Amino acid sequence: MNQNNTDYQEIANRILYEDNHLIIANKMPGELVQGDDTGDVPLLEKVREYIRIKYNKPGNVFCGLVHRIDRPVSGAVVFAKTSKALTRTNEMVKNRSFSKHYWAIVEGKTPNLCDTLVNYLKKNSVNNKTLVSKNEYSGWQRAELKYKVLASSDRYSLLEIELITGRHHQIRAQLSNIGNPIKGDLKYGAKRSESDRSICLHARTISFPHPVSKEILIIEANPYNSLFFRLLEKNKIN
């Protein structure tokens with residue numbers, strides 16, 4: 001099997017949903033969504049190549065990025081296969097018609113088994129880190145998320161998070177602010193890094209109206225890190 005076929009099959013195994021308008025893939029931790037100055041091949045280009053090979057398309061292949069998740073994070077990412085689908089899904093993201101739920105493994109036990117966190121955030125571009133405040137200041141953005149604890153051990157808690165707003169490093173910064181940094185997230189106070197430099201944050205489910213049929217899509221992505229499921233099996237909170 002040549003390299004193109006190997007790469008094609010690797011991406012094919014990670015496709016969560018595909019039709020004539022959309023394609024949704026399960027991003028691996030540490031994988032870029034969109035290209036940057038590292039030169040690493042991003043998921044966007046891998047999906048574009050997958051489409052080219054699958055449908056034997058000559059020349060440039062349209063593949064539009066609907067939203068991003070951070071490089072150390074894994075999970076569901078939505079791409080558009082047509083310009084019409086891209087325009088409509090981008091508008092949905094802007095209007096918050098996308099419902100996003102994440103799983104996160106955090107250090108320690110959270111203050112509450114479920115809670116709503118509301119803060120104001122500001123990105124520090126110098127160190128690519130988000131500052132958190134309980135007070136509103138000029139230039140700071142309101143951030144809201146809801147969490148509930150799915151499982152808890154002596155060292156870690158597994159949270160399900162509903163993202164209400166989408167800010168830079170929002171989940172990472174807000175959870176660190178309550179004393180529960182995400183496992184592996186050194187930037188936000190975790191005790192140690194993961195061996196692959198990932199963090200234990202995963203885009204578990206995403207739901208939104210299909211841009212053409214209007215049918216509500218609910219897409220679920222399994223984490224690559226088995227610790228998520230081990231915590232659920234052994235330490236699930238009923």
# chains A, B, ... in the order shown; residues from 1 in each chain; ligands from 1
>>> select_by_dssp(residues="range 8-215 of chain A", states="strand (DSSP E or B)", output="PyMOL selection string")
chain A and resi 15-18+22-27+64-65+74-80+99-107+114-124+129-133+141-152+156-163+182+201-209
>>> closest_atom_pairs(of="range 52-96 of chain A", to="range 5-11 of chain A", cutoff="12 Å", atoms="only C-alpha atoms", output="CSV")
residue,atom,partner,partner_atom,distance
A:Arg52,CA,A:Tyr8,CA,9.7
A:Ile53,CA,A:Tyr8,CA,7.4
A:Lys54,CA,A:Tyr8,CA,8.2
A:Tyr55,CA,A:Tyr8,CA,11.8
>>> closest_residue(among="A:Lys214, A:Asp196, A:Phe229, A:Arg96", to="Leu163 in chain A", atoms="only C-alpha atoms")
A:Arg96
>>> atom_distance(atom1="CA of Val93 in chain A", atom2="CA of Ile69 in chain A")
13.2 Å
>>> residues_around(residues="Glu233 in chain A", least_positions_apart="3", cutoff="12 Å", atoms="only C-alpha atoms", output="JSON list (two decimals) with N, CA and C atoms, in the first residue's frame")
[["chain", "number", "residue", "atom", "x", "y", "z"],
["A", 150, "LEU", "N", -18.76, 13.80, 35.91],
["A", 150, "LEU", "CA", -19.18, 12.46, 35.50],
["A", 150, "LEU", "C", -18.54, 11.37, 36.34],
["A", 151, "ALA", "N", -17.29, 11.60, 36.74],
["A", 151, "ALA", "CA", -16.54, 10.61, 37.52],
["A", 151, "ALA", "C", -15.48, 11.34, 38.34],
["A", 152, "SER", "N", -15.11, 10.75, 39.46],
["A", 152, "SER", "CA", -14.12, 11.40, 40.32],
["A", 152, "SER", "C", -13.31, 10.35, 41.07],
["A", 153, "SER", "N", -11.98, 10.49, 41.04],
["A", 153, "SER", "CA", -11.08, 9.62, 41.79],
["A", 153, "SER", "C", -10.33, 10.48, 42.81],
["A", 158, "LEU", "N", -13.52, 13.74, 36.03],
["A", 158, "LEU", "CA", -13.92, 13.80, 34.63],
["A", 158, "LEU", "C", -15.16, 14.67, 34.54],
["A", 226, "SER", "N", -7.43, 6.62, 26.66],
["A", 226, "SER", "CA", -8.29, 5.63, 27.32],
["A", 226, "SER", "C", -8.60, 5.99, 28.76],
["A", 227, "LEU", "N", -7.88, 6.96, 29.34],
["A", 227, "LEU", "CA", -8.14, 7.35, 30.73],
["A", 227, "LEU", "C", -9.55, 7.90, 30.90],
["A", 228, "PHE", "N", -10.09, 8.54, 29.88],
["A", 228, "PHE", "CA", -11.46, 9.05, 29.96],
["A", 228, "PHE", "C", -12.43, 7.91, 30.30],
["A", 229, "PHE", "N", -12.32, 6.81, 29.58],
["A", 229, "PHE", "CA", -13.24, 5.70, 29.78],
["A", 229, "PHE", "C", -12.91, 4.91, 31.05],
["A", 230, "ARG", "N", -11.63, 4.85, 31.42],
["A", 230, "ARG", "CA", -11.27, 4.15, 32.65],
["A", 230, "ARG", "C", -11.85, 4.86, 33.87],
["A", 236, "LYS", "N", -17.42, 6.36, 38.21],
["A", 236, "LYS", "CA", -18.59, 7.09, 37.74],
["A", 236, "LYS", "C", -19.45, 7.54, 38.91],
["A", 237, "ILE", "N", -19.92, 8.79, 38.83],
["A", 237, "ILE", "CA", -20.84, 9.33, 39.83],
["A", 237, "ILE", "C", -22.26, 9.14, 39.34],
["A", 238, "ASN", "N", -23.07, 8.46, 40.08],
["A", 238, "ASN", "CA", -24.45, 8.15, 39.68],
["A", 238, "ASN", "C", -25.37, 9.32, 40.01]]
>>> residues_around(residues="range 57-68 of chain A", least_positions_apart="6", cutoff="12 Å", atoms="only C-alpha atoms", output="PyMOL selection string")
chain A and resi 20-25+27+31-35+42-51+74-94+96+98+100+166-169+203+206+211
>>> atom_distance(atom1="CA of Ser176 in chain A", atom2="CA of Asp154 in chain A")
18.0 Å
>>> select_by_dssp(residues="range 1-185 of chain A", states="alpha helix (DSSP H)", output="ChimeraX atom specification")
/A:3-12,43-54,83-94,170-177
>>> residues_around(residues="Leu131 in chain A", least_positions_apart="3", cutoff="12 Å", atoms="only C-alpha atoms", output="NGL selection string")
:A and (119-128 or 134-135 or 137 or 139-143 or 167-174 or 176-177 or 187-188)
>>> atom_distance(atom1="CA of Asn56 in chain A", atom2="CA of Ile219 in chain A")
26.7 Å
>>> residues_around(residues="His101 in chain A", least_positions_apart="4", cutoff="10 Å", atoms="only C-alpha atoms", output="ChimeraX atom specification")
/A:145-147,160-164,202-207,220
